[in-house]
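Data block below; observations after.
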Amino acid sequence: MTLSHVDPEAEAVDDQALPDAPHGRRTLLIASASLLLAVLVLAALSLSVGAGEVGPGDVLDYVLGRNGARDNSRLSLVVGDLRIPRTLTALLVGAALGTSGSLLQAVTRNPLAETGLLGVNAGASLGVVVGIAFLGVQSGYGHLLWAFGGAVAASALVLFIAGRRGGGSPMRLVLAGSALGATFGGITSVIIVNSAETYDRFRFWVLGSLAGVEGFGKLTSLLPVLALGFVVALLIARPLSALALGDDLARGLGHRPSAIRVVVALAVTLLTASAVALVGPISFLGLLAGFLARAVAGPRLTAQIALAGLIGAGVLTGADVLARVVSRPFEAPVSVIIALIGAPVLIAIVRSRRMGAMGMTDPATEEGSAPRRLLPRLPRLPGLPWGAKERSESLLVRRGALSLLVPRRAALAALSLAALLLAAVVVSAYAGQSEMSLTRTFNAVFGSGDRFDVLLVQKFRLGRIIAGLTAGAALGLAGCLTQTLARNRLATPELLGVNDGATAAVLLSTTLTGTFGAWWAGPVGALVAVLVVTTVSGGLGQRGYRVLVVGLAMSALASAVTQVVLSRRSLNSASSLYVWTSGSLNGRGYSVAVPVLIGLAVLVPLALVAARQLNVLRFDDSTASSLGVAPGRVRLMCLLLAVGLAGLAVGICGPVGFVALASPVIAGRLAGPLRVPVLGSMLTGAVLIVLADTVGRIVFDGVEVPVGIVTTVLGGPFLLWVLLGRSAAARV
């Protein structure tokens, strides 16, 4: 799940309202006919390909009822009970996900929106895990019911929160879905790490597959829900087109914007929940189908929705065929096939010179149109160049010919955070499953007292605490640089595929070397991911579609690699690696922390130098250049610093969520609006990691909850509080 898919500007001009001259009716009809023909060919191929020796001729005989084929029990089993239901399921599920993606992209006015935004996938996953872990659900029907129930319950909660706090605006809707989806995902992980049996069943379901489709039972049970979702989607197309003109014009035409958004959310919930219940969560398909349909159909929303359904049906059917043949006699995960196929296609479209002719110009560079941001337009981060206000609120420290201007509020905030960090370290060293008094803990820290206490505290707990401190400081600083560079509180290195790239690199190094713990693979993977993203997108100067789309595609590819690695390992090995991919400090100590501390000693001074120049970049590039700052050079340095720091953190403890997002926000509120909160973000990140790790070690007796899961469970409500609170609502 990524927050880069949000666009809160309800009154923004959308390119759906641009002239559609490049998309003539004849061209559109030809494209539609070609897509329909391709879908039919893929469906025929799906009926003809399988593990059994049943060729196209046998299938045609069975379908047409020739030569007594339907009396053949073997053909009836292979074609009638397996291939036909599987093909129909692929067509309907693909159409449902494609339609949902197109609807979400239209209602949020964001071409990067995807079907996981309303918390549907996370709710379905939580429902399946609850059914498996607590009720012993094993059958496919049981998974279907719990997945559908969890998806519907999650979407209903998202609609309730967004409608109550924000009037159902696009930003509120998607932020609520993203935050609650993260919390649901964290709760799912808590249940999984405590049950190897549950994880063993869940890890294959979550990859998405049509291998479990046998007969028409499952499809028949959800066919009315799918039909209702498709009908609602078609009926809402015209009002949704009016909404693209802006809320005021839509009201003038007799529509109710809030009601339109709720109906769209209802259609997306029905379609996506049914799809997830049938084949598991396949989130990338909605993004891909909606994006491709937009490229083909242009501004015609009804045509976009119809073509997105066709594209989704064709892509899922084709991916299912490939899943059956690429790794015979086994089946590859269909979601991985979609990512491997869809990501290059998405990148190719973004890089195409015809993108502008297709009505898909970069919103940041499009002339004559209002800019449309792919991230929420929230209040800019603090950090204006110092002046009279800063001097009045700062303390001047002089020593001989040297003088230093120290902001009072920022200094007080840093001292308070340092004291809080010291308290968090003491609590973490004291807390644990073994009973040890505070006095014994202090003695053990300084090497005195019982030998067992000294061994436990100094070798295990302190090493782990130092590893957590370094990882938290690196994540906090990386988040601060990224948010300041992007001028947005939701920007994190994750947008450029850093987390997924670093995670995939660590897992690949584990597979190749046979040993886990190569912390250096994290920064290498992060750097490779960013180099690919920036190179393919055309450099750091690009904004809008290119960087974000390529970043999403890179994340999808890296995530596919991670899923394949986990699915191919033994249960014990996969369970251990899954814990790490959730973010864990278990087993981490001085051997990992010391290299990262050396890296921080080099990177932090550079970040402090860059932070002062980032203050000037609050203005436009021409103003910054006139003040002696080279914008391109500063951006490059800050990006490399953020990537290196985030990669180091992933190498230590895996992809810990929300720390890079929350640390600069908290530090900025404490330090005030005068400077970029570099030091405060580092201290805040360290405090969050140490406290979260402590909570994870003591919350359940005898069981450790990974630090990444703790931050994810608590981070969702934090995100809602920051972004959906009354004060935020008043400022947006």
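By order in the structure tokens, chains are A, B, ...; within a chain, residues start at 1; ligands start at 1, following the order shown.
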Problem - Spatial neighbours of Arg256 of chain A, 9 Å, only C-alpha atoms, chain gap at least 6 places, as number ranges by chain - result: A: 239, 243, 247, 250
Export of the given selection (C-alpha atoms) as a JSON list (two decimals), in the first residue's frame:
[["chain", "number", "residue", "atom", "x", "y", "z"],
["A", 239, "PRO", "CA", -22.44, 11.66, -12.78],
["A", 243, "LEU", "CA", -17.73, 15.57, -11.02],
["A", 247, "ASP", "CA", -17.84, 20.13, -7.23],
["A", 250, "ALA", "CA", -21.41, 19.25, -10.63]]
Handout entry: 7 Å contact set for segment 319-327 of chain A, only C-alpha atoms, chain neighbours under 3 positions out, as a PyMOL selection string
Key = chain A and resi 46+49-50+315-316+330-334+337-338
Handout entry: Minimum-distance residue to Glu214 of chain A, chosen among A:Gly80, A:Gly312, A:Pro717, A:Gly246 (using only C-alpha atoms)
Key =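 When distances to Glu214 of chain A are compared using only C-alpha atoms, the smallest one comes from A:Gly80.
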If you take only C-alpha atoms and a cut-off of 12 Å, which residues of segment 567-597 of chain A touch segment 171-188 of chain A, and what are their nearest atom pairs and distances in Å to one decimal, in chain and number order, as JSON lines?
{"residue": "A:Val579", "atom": "CA", "partner": "A:Gly186", "partner_atom": "CA", "distance": 11.8}
{"residue": "A:Ser582", "atom": "CA", "partner": "A:Gly186", "partner_atom": "CA", "distance": 8.8}
{"residue": "A:Gly583", "atom": "CA", "partner": "A:Gly186", "partner_atom": "CA", "distance": 11.0}
Atoms to include: N, CA, C and O atoms. Write the selected residues as a PDB file, in the first residue's frame.
ATOM      1  N   VAL A 579       9.212 -12.496   9.321  1.00  0.00           N
ATOM      2  CA  VAL A 579       9.333 -11.639  10.508  1.00  0.00           C
ATOM      3  C   VAL A 579      10.268 -10.477  10.202  1.00  0.00           C
ATOM      4  O   VAL A 579       9.986  -9.321  10.543  1.00  0.00           O
ATOM      5  N   SER A 582       8.819  -7.863   8.009  1.00  0.00           N
ATOM      6  CA  SER A 582       7.860  -7.032   8.737  1.00  0.00           C
ATOM      7  C   SER A 582       8.562  -5.956   9.546  1.00  0.00           C
ATOM      8  O   SER A 582       7.919  -5.037  10.054  1.00  0.00           O
ATOM      9  N   GLY A 583       9.886  -6.064   9.684  1.00  0.00           N
ATOM     10  CA  GLY A 583      10.667  -5.126  10.480  1.00  0.00           C
ATOM     11  C   GLY A 583      10.972  -5.685  11.848  1.00  0.00           C
ATOM     12  O   GLY A 583      10.093  -5.716  12.703  1.00  0.00           O
TER      13      GLY A 583
END
Handout entry: Atom pair atom CA of Leu608 of chain A / atom CA of Ala642 of chain A: separation (Å)
Key =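 Between these atoms lies a distance of 12.5 Å.
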Practice task
Write out as JSON, numbers by chain each polymer residue whose atoms come within 10 Å of Ala343 of chain A, counting only C-alpha atoms; drop sequence neighbours fewer than 2 positions from it.
Solution key: {"A": [284, 288, 338, 339, 340, 341, 345, 346, 347, 348, 549, 550, 551, 552, 553, 554, 555, 556, 557]}
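Atom CA of Ala686 of chain A is found 21.6 Å from atom CA of Leu485 of chain A.
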Exercise for the section: Pick out each residue of segment 126-215 of chain A that DSSP on the backbone tags as helix (DSSP H, G or I); I need them as a VMD selection string. Expected result: chain A and resid 126 to 135 140 to 166 170 to 193 196 to 205
Handout entry: Pick from A:Val498, A:Ala31, A:Val710, A:Ala630, whichever lies nearest to Val650 of chain A using only C-alpha atoms
Key =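 Closest residue, counting only C-alpha atoms: A:Val498.
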